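> The following file, work-v8.tsv, comprises TSV, C-alpha atoms and all ligand atoms:
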```
chain	number	residue	atom	x	y	z
A	191	MET	CA	135.33	132.97	46.70
A	192	ALA	CA	136.71	129.56	47.58
A	193	ASP	CA	133.19	128.53	48.44
A	194	GLU	CA	132.03	129.47	45.00
A	195	LYS	CA	134.85	127.63	43.30
A	196	VAL	CA	133.88	124.56	45.21
A	197	MET	CA	130.28	124.91	44.16
A	198	MET	CA	131.17	125.42	40.55
A	199	GLY	CA	133.39	122.40	40.71
A	200	ARG	CA	130.51	120.27	41.84
A	201	GLU	CA	128.50	120.85	38.76
A	202	PRO	CA	128.38	117.63	36.81
A	203	LEU	CA	128.97	117.19	33.12
A	204	LEU	CA	126.45	118.38	30.65
A	205	GLU	CA	124.63	115.46	29.17
A	206	HIS	CA	122.94	115.53	25.84
A	207	GLU	CA	119.58	114.30	27.09
A	208	LYS	CA	119.52	116.93	29.76
A	209	THR	CA	120.41	119.81	27.52
A	210	LYS	CA	118.26	118.81	24.61
A	211	SER	CA	114.94	119.92	26.04
A	212	ILE	CA	116.46	123.14	27.23
A	213	LYS	CA	117.83	123.87	23.82
A	214	GLN	CA	114.37	123.37	22.42
A	215	ILE	CA	112.80	125.79	24.83
A	216	LEU	CA	115.45	128.33	24.22
A	217	LEU	CA	114.93	128.16	20.54
A	218	LYS	CA	111.23	128.62	21.02
A	219	SER	CA	111.16	131.28	23.67
A	220	ILE	CA	113.96	133.50	22.52
A	221	ALA	CA	116.36	133.47	19.66
A	222	GLY	CA	119.29	132.55	21.82
A	223	VAL	CA	122.37	134.42	20.89
A	224	LEU	CA	125.37	132.48	21.92
A	225	LEU	CA	127.96	134.82	23.24
A	226	VAL	CA	131.07	133.02	22.30
A	227	GLY	CA	133.50	134.28	24.84
A	228	PHE	CA	134.39	137.81	24.16
A	229	ALA	CA	134.68	137.31	20.49
A	230	CYS	CA	131.16	138.56	20.47
A	231	TYR	CA	132.02	141.94	21.70
A	232	LEU	CA	133.76	142.35	18.43
A	233	PHE	CA	130.39	141.92	16.92
A	234	LEU	CA	129.04	144.88	18.79
A	235	ASP	CA	130.27	146.96	15.97
A	236	SER	CA	127.37	145.62	14.00
A	237	PHE	CA	124.65	146.13	16.53
A	238	THR	CA	125.52	149.00	18.81
A	239	SER	CA	123.42	151.26	16.64
A	240	LEU	CA	120.38	149.36	17.84
A	241	THR	CA	118.52	151.40	20.34
A	242	PRO	CA	117.75	149.94	23.73
A	243	GLU	CA	114.08	150.46	22.87
A	244	THR	CA	114.26	147.62	20.38
A	245	GLU	CA	111.71	144.93	21.27
A	246	ILE	CA	113.31	142.14	23.21
A	247	ASN	CA	110.84	139.38	22.57
A	248	LEU	CA	111.79	137.09	19.74
A	249	LEU	CA	114.42	139.37	18.40
A	250	PRO	CA	117.09	137.35	16.71
A	251	LEU	CA	120.19	139.41	16.59
A	252	GLU	CA	120.65	138.90	12.91
A	253	LYS	CA	117.13	140.05	12.18
A	254	ALA	CA	117.68	143.14	14.25
A	255	VAL	CA	120.88	143.93	12.43
A	256	ASN	CA	119.12	143.36	9.17
A	257	GLU	CA	116.35	145.79	10.00
A	258	GLN	CA	118.75	148.46	11.09
A	259	HIS	CA	121.13	147.98	8.20
A	260	PRO	CA	119.12	146.47	5.39
A	261	LYS	CA	122.12	146.43	3.10
A	262	LYS	CA	124.59	145.15	5.63
A	263	GLU	CA	125.50	141.50	5.31
A	264	VAL	CA	123.86	139.34	7.93
A	265	CYS	CA	126.14	137.02	9.85
A	266	ASP	CA	125.21	134.42	12.41
A	267	VAL	CA	128.04	134.80	14.91
A	268	SER	CA	127.00	131.73	16.83
A	269	THR	CA	128.01	129.37	14.03
A	270	GLY	CA	131.70	129.06	13.44
A	271	GLU	CA	134.89	127.63	14.87
A	272	TRP	CA	137.90	128.52	16.94
A	273	ILE	CA	140.96	129.24	14.85
A	274	PRO	CA	144.57	129.96	15.86
A	275	ASN	CA	145.25	133.59	16.71
A	276	PRO	CA	149.02	134.12	16.79
A	277	SER	CA	148.71	137.73	18.01
A	278	GLY	CA	147.13	136.60	21.29
A	279	PRO	CA	144.93	138.57	23.66
A	280	ILE	CA	145.03	142.35	23.97
A	281	TYR	CA	145.65	142.12	27.69
A	282	THR	CA	147.71	139.88	29.95
A	283	ASN	CA	147.92	139.27	33.67
A	284	ALA	CA	150.53	142.02	33.76
A	285	THR	CA	148.46	144.74	32.07
A	286	CYS	CA	145.14	144.07	33.75
A	287	ASN	CA	144.57	144.39	37.46
A	288	HIS	CA	141.00	143.11	37.38
A	289	ILE	CA	142.04	139.46	37.34
A	290	GLN	CA	141.27	137.92	40.73
A	291	ASN	CA	144.02	135.84	42.29
A	292	HIS	CA	142.23	132.54	42.01
A	293	GLN	CA	141.66	133.16	38.28
A	294	ASN	CA	145.22	134.18	37.50
A	295	CYS	CA	146.21	130.97	35.70
A	296	MET	CA	149.72	132.12	34.88
A	297	LYS	CA	150.50	133.37	38.34
A	298	ASN	CA	149.08	130.15	39.80
A	299	GLY	CA	151.44	128.08	37.72
A	300	ARG	CA	149.49	126.89	34.71
A	301	PRO	CA	152.31	125.59	32.51
A	302	ASP	CA	150.82	125.92	29.02
A	303	THR	CA	149.92	129.19	27.30
A	304	GLY	CA	148.38	127.87	24.09
A	305	TYR	CA	144.89	128.62	25.39
A	306	LEU	CA	145.56	132.32	24.90
A	307	TYR	CA	146.03	132.04	21.16
A	308	TRP	CA	142.62	131.33	19.73
A	309	ARG	CA	139.91	133.45	18.22
A	310	TRP	CA	136.35	132.84	17.19
A	311	LYS	CA	135.68	132.74	13.45
A	312	PRO	CA	132.01	132.80	12.42
A	313	SER	CA	131.41	130.70	9.33
A	314	ASN	CA	130.12	133.47	7.10
A	315	CYS	CA	132.06	136.53	8.13
A	316	ASP	CA	135.16	137.66	9.94
A	317	LEU	CA	135.18	139.43	13.27
A	318	PRO	CA	137.62	142.31	13.50
A	319	PRO	CA	139.68	142.41	16.71
A	320	PHE	CA	137.91	144.08	19.61
A	321	ASP	CA	138.51	147.82	19.52
A	322	PRO	CA	138.07	149.30	23.00
A	323	VAL	CA	138.11	152.90	21.73
A	324	LYS	CA	135.34	152.19	19.27
A	325	PHE	CA	133.37	150.32	21.90
A	326	LEU	CA	133.61	153.16	24.42
A	327	ASN	CA	132.73	155.77	21.82
A	328	LYS	CA	129.60	153.87	20.90
A	329	MET	CA	128.77	153.32	24.56
A	330	ARG	CA	129.08	156.95	25.62
A	331	ASP	CA	126.37	157.73	28.22
A	332	LYS	CA	125.22	154.11	28.15
A	333	SER	CA	125.15	151.30	30.71
A	334	TRP	CA	125.57	147.54	30.60
A	335	VAL	CA	124.82	144.85	33.10
A	336	PHE	CA	125.76	141.18	33.13
A	337	ILE	CA	123.37	139.04	35.16
A	338	GLY	CA	124.38	135.49	35.92
A	339	ASP	CA	127.00	133.26	37.46
A	340	SER	CA	130.78	133.31	37.88
A	341	ILE	CA	131.40	132.45	34.24
A	342	PHE	CA	129.63	135.66	33.46
A	343	ARG	CA	131.76	137.50	35.92
A	344	ASN	CA	134.74	136.25	33.93
A	345	HIS	CA	133.20	137.85	30.83
A	346	PHE	CA	132.67	141.08	32.73
A	347	GLN	CA	136.28	141.05	33.90
A	348	SER	CA	137.56	140.24	30.44
A	349	LEU	CA	135.66	143.19	29.01
A	350	THR	CA	136.98	145.37	31.81
A	351	CYS	CA	140.52	144.24	31.04
A	352	MET	CA	140.11	145.12	27.37
A	353	LEU	CA	138.60	148.52	28.18
A	354	SER	CA	141.37	149.26	30.65
A	355	LYS	CA	143.68	149.55	27.64
A	356	VAL	CA	141.89	152.87	27.04
A	357	GLU	CA	140.75	153.92	30.46
A	358	GLU	CA	140.90	152.41	33.93
A	359	LEU	CA	137.28	152.07	35.03
A	360	VAL	CA	136.50	153.34	38.51
A	361	GLU	CA	134.73	151.05	40.93
A	362	THR	CA	131.57	152.64	42.30
A	363	TYR	CA	130.12	149.60	44.05
A	364	HIS	CA	130.98	146.09	45.15
A	365	ASP	CA	129.38	143.65	47.56
A	366	SER	CA	131.46	141.91	50.20
A	367	ALA	CA	132.41	138.94	47.99
A	368	TYR	CA	132.84	141.01	44.80
A	369	ARG	CA	130.07	139.02	43.22
A	370	CYS	CA	128.18	142.19	42.35
A	371	GLN	CA	130.23	145.05	41.12
A	372	THR	CA	129.71	148.33	39.29
A	373	LEU	CA	132.40	150.15	37.36
A	374	PHE	CA	132.25	153.55	35.73
A	375	SER	CA	134.16	155.30	32.99
A	376	PRO	CA	134.34	159.02	33.79
A	377	ASN	CA	135.54	160.00	30.32
A	378	TYR	CA	132.80	158.13	28.50
A	379	ASN	CA	130.11	158.27	31.15
A	380	PHE	CA	129.78	154.52	30.67
A	381	THR	CA	128.61	152.16	33.41
A	382	LEU	CA	129.42	148.46	33.48
A	383	ALA	CA	127.96	146.17	36.13
A	384	VAL	CA	127.80	142.53	37.04
A	385	ILE	CA	125.05	141.11	39.23
A	386	TRP	CA	125.33	137.74	40.87
A	387	ALA	CA	122.08	135.86	40.17
A	388	PRO	CA	123.03	132.30	39.19
A	389	TYR	CA	119.42	131.08	39.13
A	390	LEU	CA	117.77	134.32	37.94
A	391	VAL	CA	115.13	133.42	40.55
A	392	GLN	CA	115.24	133.68	44.32
A	393	TYR	CA	117.08	131.04	46.34
A	394	GLU	CA	118.32	130.37	49.88
A	395	SER	CA	120.91	127.91	51.11
A	396	ILE	CA	119.62	125.22	53.44
A	397	ASP	CA	123.06	123.81	54.14
A	398	SER	CA	126.31	123.55	52.23
A	399	GLU	CA	124.79	120.90	49.98
A	400	THR	CA	121.22	122.00	49.33
A	401	LEU	CA	119.26	125.06	48.31
A	402	ASN	CA	115.68	126.21	48.20
A	403	ILE	CA	114.84	127.67	44.81
A	404	HIS	CA	111.66	129.69	44.26
A	405	LEU	CA	110.68	129.17	40.66
A	406	ASP	CA	107.98	131.84	40.76
A	407	ILE	CA	109.94	134.68	42.41
A	408	LEU	CA	112.58	136.62	40.51
A	409	ASP	CA	115.88	137.27	42.20
A	410	SER	CA	115.35	140.88	43.24
A	411	LYS	CA	119.10	141.46	43.10
A	412	TRP	CA	118.69	141.91	39.36
A	413	SER	CA	114.99	142.66	38.86
A	414	SER	CA	115.20	145.72	41.14
A	415	GLU	CA	118.11	147.07	39.09
A	416	TYR	CA	116.78	146.20	35.67
A	417	ASN	CA	115.46	149.67	34.86
A	418	LYS	CA	118.88	151.22	35.22
A	419	TYR	CA	120.49	149.60	32.21
A	420	ASP	CA	120.50	150.11	28.45
A	421	TYR	CA	122.04	146.72	27.69
A	422	VAL	CA	121.24	143.62	29.72
A	423	VAL	CA	123.07	140.34	29.22
A	424	ILE	CA	121.59	137.31	30.97
A	425	SER	CA	122.76	133.75	31.36
A	426	GLY	CA	122.09	130.73	33.48
A	427	GLY	CA	121.91	126.99	33.54
A	428	GLN	CA	124.96	125.60	35.28
A	429	TRP	CA	123.75	126.07	38.82
A	430	PHE	CA	120.57	124.12	38.26
A	431	TYR	CA	122.70	120.97	38.45
A	432	ARG	CA	123.12	121.45	42.18
A	433	SER	CA	120.94	119.69	44.73
A	434	ALA	CA	117.90	121.83	45.35
A	435	ILE	CA	114.32	121.83	46.49
A	436	MET	CA	112.05	123.79	44.17
A	437	TYR	CA	109.20	125.92	45.45
A	438	GLU	CA	106.17	127.50	43.84
A	439	ASN	CA	103.70	129.50	45.89
A	440	ASN	CA	106.00	128.77	48.83
A	441	LYS	CA	105.18	125.06	48.52
A	442	ALA	CA	107.77	122.44	47.66
A	443	VAL	CA	106.90	121.13	44.20
A	444	GLY	CA	109.87	118.88	43.66
A	445	CYS	CA	113.62	118.75	43.76
A	446	HIS	CA	116.78	117.89	41.95
A	447	ASN	CA	119.24	115.33	43.37
A	448	CYS	CA	116.54	115.04	45.97
A	449	PRO	CA	117.76	115.07	49.54
A	450	TYR	CA	114.30	113.88	50.65
A	451	GLU	CA	112.50	110.91	49.21
A	452	ASN	CA	108.96	112.25	49.22
A	453	LEU	CA	109.57	114.86	46.52
A	454	ARG	CA	109.39	114.48	42.76
A	455	GLU	CA	112.68	114.63	40.88
A	456	LEU	CA	112.34	117.58	38.50
A	457	GLY	CA	115.67	117.28	36.73
A	458	VAL	CA	117.46	120.32	35.41
A	459	GLY	CA	115.47	121.32	32.36
A	460	GLU	CA	112.09	121.94	33.95
A	461	PRO	CA	113.25	124.27	36.74
A	462	TYR	CA	115.54	126.17	34.37
A	463	ARG	CA	112.72	126.52	31.84
A	464	LYS	CA	110.48	128.03	34.53
A	465	ALA	CA	113.14	130.42	35.76
A	466	LEU	CA	113.84	131.55	32.23
A	467	GLN	CA	110.16	131.91	31.40
A	468	LEU	CA	109.60	134.05	34.49
A	469	THR	CA	112.57	136.20	33.49
A	470	LEU	CA	111.40	136.64	29.90
A	471	ASN	CA	107.83	137.39	30.99
A	472	PHE	CA	109.14	140.07	33.31
A	473	MET	CA	111.15	141.60	30.49
A	474	ALA	CA	108.29	141.42	28.02
A	475	ARG	CA	105.93	143.17	30.43
A	476	ALA	CA	108.34	145.75	31.81
A	477	GLU	CA	107.97	149.24	30.43
A	478	HIS	CA	111.72	149.63	30.32
A	479	LYS	CA	113.03	148.07	27.11
A	480	PRO	CA	116.78	147.63	27.22
A	481	PHE	CA	118.61	145.69	24.53
A	482	VAL	CA	118.70	142.17	25.95
A	483	ILE	CA	121.21	139.51	25.02
A	484	PHE	CA	120.76	135.96	26.19
A	485	ARG	CA	123.82	133.75	26.48
A	486	THR	CA	122.75	130.12	26.35
A	487	TRP	CA	124.98	127.58	28.06
A	488	THR	CA	128.62	127.09	28.85
A	489	PRO	CA	130.36	123.74	29.08
A	490	ASP	CA	131.44	122.42	32.45
A	491	HIS	CA	135.01	122.62	33.72
A	492	PHE	CA	135.45	119.03	34.91
A	493	GLU	CA	135.23	115.76	33.04
A	494	TYR	CA	135.50	112.09	34.05
A	495	GLY	CA	134.02	112.93	37.44
A	496	LYS	CA	133.55	115.86	39.73
A	497	TRP	CA	136.20	118.03	41.28
A	498	TYR	CA	136.20	115.97	44.48
A	499	ASN	CA	136.10	112.46	43.03
A	500	GLY	CA	138.64	112.25	40.29
A	501	GLY	CA	137.31	114.74	37.76
A	502	ILE	CA	139.95	116.41	35.65
A	503	CYS	CA	140.13	119.48	33.45
A	504	ASN	CA	143.00	118.64	31.14
A	505	ARG	CA	141.80	120.20	27.91
A	506	THR	CA	144.23	122.64	26.42
A	507	LYS	CA	142.40	123.27	23.15
A	508	PRO	CA	138.83	124.29	22.30
A	509	PHE	CA	136.39	121.41	22.40
B	601	LIG	C1	151.74	136.94	35.47
B	601	LIG	O1	152.13	135.62	35.15
B	601	LIG	C2	153.52	135.38	35.31
B	601	LIG	C3	153.80	133.98	34.81
B	601	LIG	O2	153.52	133.90	33.43
B	601	LIG	C4	153.89	135.52	36.78
B	601	LIG	O3	155.29	135.32	36.93
B	601	LIG	C5	153.52	136.92	37.24
B	601	LIG	O4	153.69	136.99	38.64
B	601	LIG	C6	152.07	137.26	36.94
B	601	LIG	N1	151.85	138.66	37.22
B	601	LIG	C7	150.81	139.12	37.86
B	601	LIG	C8	150.78	140.59	38.09
B	601	LIG	O5	149.90	138.41	38.25
B	602	LIG	C1	125.65	160.35	31.62
B	602	LIG	O1	124.73	159.41	31.08
B	602	LIG	C2	123.44	159.46	31.64
B	602	LIG	C3	122.63	158.38	30.98
B	602	LIG	O2	123.18	157.12	31.26
B	602	LIG	C4	122.82	160.83	31.40
B	602	LIG	O3	121.57	160.88	32.04
B	602	LIG	C5	123.73	161.89	31.93
B	602	LIG	O4	123.20	163.18	31.58
B	602	LIG	C6	125.12	161.76	31.36
B	602	LIG	N1	126.00	162.72	31.99
B	602	LIG	C7	126.71	163.58	31.29
B	602	LIG	C8	127.60	164.48	32.09
B	602	LIG	O5	126.65	163.68	30.08
B	603	LIG	C1	142.52	113.90	29.53
B	603	LIG	O1	142.49	112.77	30.37
B	603	LIG	C2	141.70	111.72	29.88
B	603	LIG	C3	141.58	110.65	30.97
B	603	LIG	O2	142.84	110.36	31.53
B	603	LIG	C4	142.34	111.18	28.60
B	603	LIG	O3	141.58	110.13	28.09
B	603	LIG	C5	142.38	112.33	27.60
B	603	LIG	O4	143.04	111.92	26.43
B	603	LIG	C6	143.08	113.53	28.18
B	603	LIG	N1	142.90	114.65	27.27
B	603	LIG	C7	143.88	115.50	27.00
B	603	LIG	C8	143.52	116.61	26.05
B	603	LIG	O5	144.99	115.44	27.49
```
Would you encode the structure as structure tokens?


Amino acid sequence: MADEKVMMGREPLLEHEKTKSIKQILLKSIAGVLLVGFACYLFLDSFTSLTPETEINLLPLEKAVNEQHPKKEVCDVSTGEWIPNPSGPIYTNATCNHIQNHQNCMKNGRPDTGYLYWRWKPSNCDLPPFDPVKFLNKMRDKSWVFIGDSIFRNHFQSLTCMLSKVEELVETYHDSAYRCQTLFSPNYNFTLAVIWAPYLVQYESIDSETLNIHLDILDSKWSSEYNKYDYVVISGGQWFYRSAIMYENNKAVGCHNCPYENLRELGVGEPYRKALQLTLNFMARAEHKPFVIFRTWTPDHFEYGKWYNGGICNRTKPF
């Protein structure tokens, strides 16, 4: 766990040039639906009636909603702003036991609490507060999986915390580091899982600094489980900032923050584009057609440097 925190801390700031090309690909290859924290789960109300069989390729969420509910107002949840929410979150560190120690800001002495009192307001509609009973009723006999990095695990835990207001989910699986976990609701026959696959493609550590990333091989941790789920939420991006050597056909094709001089610097965008393309091709070809949600990018934690050289994370309000 500490190891992972360290790695996350090393990720440098997002820079506009770097993210621009990625944004363009994303817009082209899939209508990226920005999951804005858990505010978006509130939105589920509008799309849970979509069947998992709905085509995944080029399916903008709003279009899907429109087709299913032609008369229902279409709202782009990804455009909006954070507004004050005096009523605060529906769970706290006292009511939810799924918060890991290193994430328990209050217990670890974070002095301010203002960060708890915000909610996402889409420009053209209002999101009702998340209703865990409604969610579980709609998700009866269904299954969800989150595939991505530790920020995604936070989303998974947040959802778990909100659902635990109705029913404590039972853990049916976890790996040794709790990076992959499966929970189950006996009353609703609902399965919720998180799978650790920060690159979506296969990778191995060379040393504590550098990784080998195989841009043409999916991370089997998720691809082998894909058929089990009705709803699949994927994310990625952040980890591509780490130093890595990229492979295709088991041959080194380049690297990022190159540890060796004889390799081409590939940057962040190109490897991420390939990993995402491989993922989307797999989904488009697979017979199993779950409802797929793609979460684009999250901002970095540290600014003005990295965690080990003077970087700080002093923001107390939404960016
Ligand atoms: C929750 O946070 C408070 C500080 O706000 C702390 O005193 C308490 O120990 C925490 N409880 C748990 C169960 O983590
Ligand atoms: C639970 O849900 C699964 C589908 O996810 C279904 O196959 C199974 O029959 C359900 N079990 C019960 C007891 O309804
Ligand atoms: C955070 O620290 C930076 C650098 O010291 C400073 O410029 C900035 O105003 C601070 N931001 C907040 C929100 O405190």

> Please identify every polymer residue within 6 Å of ligand LIG 602 (chain B), using only C-alpha atoms and all ligand atoms, and present the set as a ChimeraX atom specification.

/A:331-332,379

> Which chain A residues have any atom within 10 Å of an atom of ligand LIG 601 (chain B), and for each, what is the nearest pair of atoms with distance in Å to one decimal, counting all atoms listed in the file, rows sorted by chain and number, as JSON lines?


```
{"residue": "A:Thr282", "atom": "CA", "partner": "B:LIG601", "partner_atom": "C1", "distance": 7.4}
{"residue": "A:Asn283", "atom": "CA", "partner": "B:LIG601", "partner_atom": "C1", "distance": 4.8}
{"residue": "A:Ala284", "atom": "CA", "partner": "B:LIG601", "partner_atom": "C8", "distance": 4.6}
{"residue": "A:Thr285", "atom": "CA", "partner": "B:LIG601", "partner_atom": "C8", "distance": 7.7}
{"residue": "A:Cys286", "atom": "CA", "partner": "B:LIG601", "partner_atom": "C8", "distance": 7.9}
{"residue": "A:Asn287", "atom": "CA", "partner": "B:LIG601", "partner_atom": "C8", "distance": 7.3}
{"residue": "A:Ile289", "atom": "CA", "partner": "B:LIG601", "partner_atom": "O5", "distance": 8.0}
{"residue": "A:Gln290", "atom": "CA", "partner": "B:LIG601", "partner_atom": "O5", "distance": 9.0}
{"residue": "A:Asn291", "atom": "CA", "partner": "B:LIG601", "partner_atom": "O5", "distance": 7.6}
{"residue": "A:Gln293", "atom": "CA", "partner": "B:LIG601", "partner_atom": "O5", "distance": 9.8}
{"residue": "A:Asn294", "atom": "CA", "partner": "B:LIG601", "partner_atom": "O5", "distance": 6.4}
{"residue": "A:Cys295", "atom": "CA", "partner": "B:LIG601", "partner_atom": "O1", "distance": 7.5}
{"residue": "A:Met296", "atom": "CA", "partner": "B:LIG601", "partner_atom": "O1", "distance": 4.3}
{"residue": "A:Lys297", "atom": "CA", "partner": "B:LIG601", "partner_atom": "O1", "distance": 4.2}
{"residue": "A:Asn298", "atom": "CA", "partner": "B:LIG601", "partner_atom": "O1", "distance": 7.8}
{"residue": "A:Gly299", "atom": "CA", "partner": "B:LIG601", "partner_atom": "C3", "distance": 7.0}
{"residue": "A:Arg300", "atom": "CA", "partner": "B:LIG601", "partner_atom": "O2", "distance": 8.2}
{"residue": "A:Pro301", "atom": "CA", "partner": "B:LIG601", "partner_atom": "O2", "distance": 8.4}
{"residue": "A:Asp302", "atom": "CA", "partner": "B:LIG601", "partner_atom": "O2", "distance": 9.5}
{"residue": "A:Thr303", "atom": "CA", "partner": "B:LIG601", "partner_atom": "O2", "distance": 8.5}
```

> Find the distance between atom CA of His364 of chain A and atom CA of Pro480 of chain A and write it in Å to one decimal.

22.9 Å

> To one decimal place in Å, what is the distance between atom CA of Tyr437 of chain A and atom CA of Ile483 of chain A?

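These two atoms are separated by 27.3 Å.
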
> List all protein, DNA and RNA residues that have an atom no more than 12 Å from any atom of ligand LIG 603 (chain B), counting only C-alpha atoms and all ligand atoms, and report them as an NGL selection string.

:A and (492-495 or 500-509)

> Kindly provide the residues of segment 287-350 of chain A that approach segment 271-278 of chain A to within 6 Å, each paired with its closest atom pair and their distance in Å to one decimal, based on all atoms listed in the file, listed by chain and increasing number, as a tab-separated table.


```
residue	atom	partner	partner_atom	distance
A:Leu306	CA	A:Gly278	CA	5.8
A:Tyr307	CA	A:Gly278	CA	4.7
A:Trp308	CA	A:Pro274	CA	4.5
A:Arg309	CA	A:Trp272	CA	5.5
A:Trp310	CA	A:Trp272	CA	4.6
A:Lys311	CA	A:Glu271	CA	5.4
```

> With C-alpha atoms kept, could you save the residues just selected as a JSON list (two decimals), in the frame of the given file?


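Result file selection-v7.json:
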```json
[["chain", "number", "residue", "atom", "x", "y", "z"],
["A", 306, "LEU", "CA", 145.56, 132.32, 24.90],
["A", 307, "TYR", "CA", 146.03, 132.04, 21.16],
["A", 308, "TRP", "CA", 142.62, 131.33, 19.73],
["A", 309, "ARG", "CA", 139.91, 133.45, 18.22],
["A", 310, "TRP", "CA", 136.35, 132.84, 17.19],
["A", 311, "LYS", "CA", 135.68, 132.74, 13.45]]
```

> (129.8, 129.6, 7.1) in this file's frame - what residues fall within 10 Å of it? Use only C-alpha atoms and give the answer as an NGL selection string.

:A and (265-267 or 269-271 or 311-315)

> The selected residues should be written to file as a short mmCIF file (atom, residue, chain, number, x, y, z; two decimals), keeping the file's coordinate frame (atoms: C-alpha atoms).


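What ended up in out-v6.cif:
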```
data_model
loop_
_atom_site.label_atom_id
_atom_site.label_comp_id
_atom_site.auth_asym_id
_atom_site.auth_seq_id
_atom_site.Cartn_x
_atom_site.Cartn_y
_atom_site.Cartn_z
CA CYS A 265 126.14 137.02 9.85
CA ASP A 266 125.21 134.42 12.41
CA VAL A 267 128.04 134.80 14.91
CA THR A 269 128.01 129.37 14.03
CA GLY A 270 131.70 129.06 13.44
CA GLU A 271 134.89 127.63 14.87
CA LYS A 311 135.68 132.74 13.45
CA PRO A 312 132.01 132.80 12.42
CA SER A 313 131.41 130.70 9.33
CA ASN A 314 130.12 133.47 7.10
CA CYS A 315 132.06 136.53 8.13
#
```

> Please compute the atom CA of Ile424 of chain A-atom CA of Phe484 of chain A distance, one decimal, in Å.

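Computing the Euclidean distance for atom CA of Ile424 of chain A and atom CA of Phe484 of chain A yields 5.0 Å.
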
> Name all residues at most 10 Å from Ala476 of chain A (count all atoms listed in the file; drop same-chain ones fewer than 6 positions away) and give them as a PyMOL selection string.

chain A and resi 416-417+470

> With N, CA and C atoms as the target, complete segment 394-409 of chain A and hand it back as an mmCIF file, in the coordinates of the input.


```cif
data_model
loop_
_atom_site.group_PDB
_atom_site.id
_atom_site.type_symbol
_atom_site.label_atom_id
_atom_site.label_comp_id
_atom_site.auth_asym_id
_atom_site.auth_seq_id
_atom_site.Cartn_x
_atom_site.Cartn_y
_atom_site.Cartn_z
ATOM 1 N N GLU A 394 117.638 130.294 48.579
ATOM 2 C CA GLU A 394 118.320 130.370 49.880
ATOM 3 C C GLU A 394 119.056 129.051 50.085
ATOM 4 N N SER A 395 120.187 129.135 50.764
ATOM 5 C CA SER A 395 120.910 127.910 51.110
ATOM 6 C C SER A 395 120.256 127.266 52.321
ATOM 7 N N ILE A 396 120.091 125.953 52.258
ATOM 8 C CA ILE A 396 119.620 125.220 53.440
ATOM 9 C C ILE A 396 120.836 124.781 54.240
ATOM 10 N N ASP A 397 121.787 124.165 53.527
ATOM 11 C CA ASP A 397 123.060 123.810 54.140
ATOM 12 C C ASP A 397 124.088 123.880 53.014
ATOM 13 N N SER A 398 125.277 123.394 53.253
ATOM 14 C CA SER A 398 126.310 123.550 52.230
ATOM 15 C C SER A 398 126.012 122.734 50.980
ATOM 16 N N GLU A 399 125.096 121.775 51.114
ATOM 17 C CA GLU A 399 124.790 120.900 49.980
ATOM 18 C C GLU A 399 123.544 121.343 49.213
ATOM 19 N N THR A 400 122.560 121.867 49.919
ATOM 20 C CA THR A 400 121.220 122.000 49.330
ATOM 21 C C THR A 400 120.675 123.412 49.409
ATOM 22 N N LEU A 401 119.863 123.735 48.408
ATOM 23 C CA LEU A 401 119.260 125.060 48.310
ATOM 24 C C LEU A 401 117.755 124.946 48.175
ATOM 25 N N ASN A 402 117.077 126.033 48.560
ATOM 26 C CA ASN A 402 115.680 126.210 48.200
ATOM 27 C C ASN A 402 115.647 127.164 47.012
ATOM 28 N N ILE A 403 114.963 126.787 45.961
ATOM 29 C CA ILE A 403 114.840 127.670 44.810
ATOM 30 C C ILE A 403 113.363 127.974 44.586
ATOM 31 N N HIS A 404 113.059 129.275 44.469
ATOM 32 C CA HIS A 404 111.660 129.690 44.260
ATOM 33 C C HIS A 404 111.452 129.986 42.786
ATOM 34 N N LEU A 405 110.794 129.063 42.118
ATOM 35 C CA LEU A 405 110.680 129.170 40.660
ATOM 36 C C LEU A 405 109.723 130.269 40.206
ATOM 37 N N ASP A 406 108.947 130.802 41.160
ATOM 38 C CA ASP A 406 107.980 131.840 40.760
ATOM 39 C C ASP A 406 108.315 133.204 41.353
ATOM 40 N N ILE A 407 109.543 133.367 41.873
ATOM 41 C CA ILE A 407 109.940 134.680 42.410
ATOM 42 C C ILE A 407 111.285 135.066 41.782
ATOM 43 N N LEU A 408 111.317 136.188 41.105
ATOM 44 C CA LEU A 408 112.580 136.620 40.510
ATOM 45 C C LEU A 408 113.580 136.987 41.584
ATOM 46 N N ASP A 409 114.824 136.818 41.303
ATOM 47 C CA ASP A 409 115.880 137.270 42.200
ATOM 48 C C ASP A 409 115.899 138.800 42.144
#
```
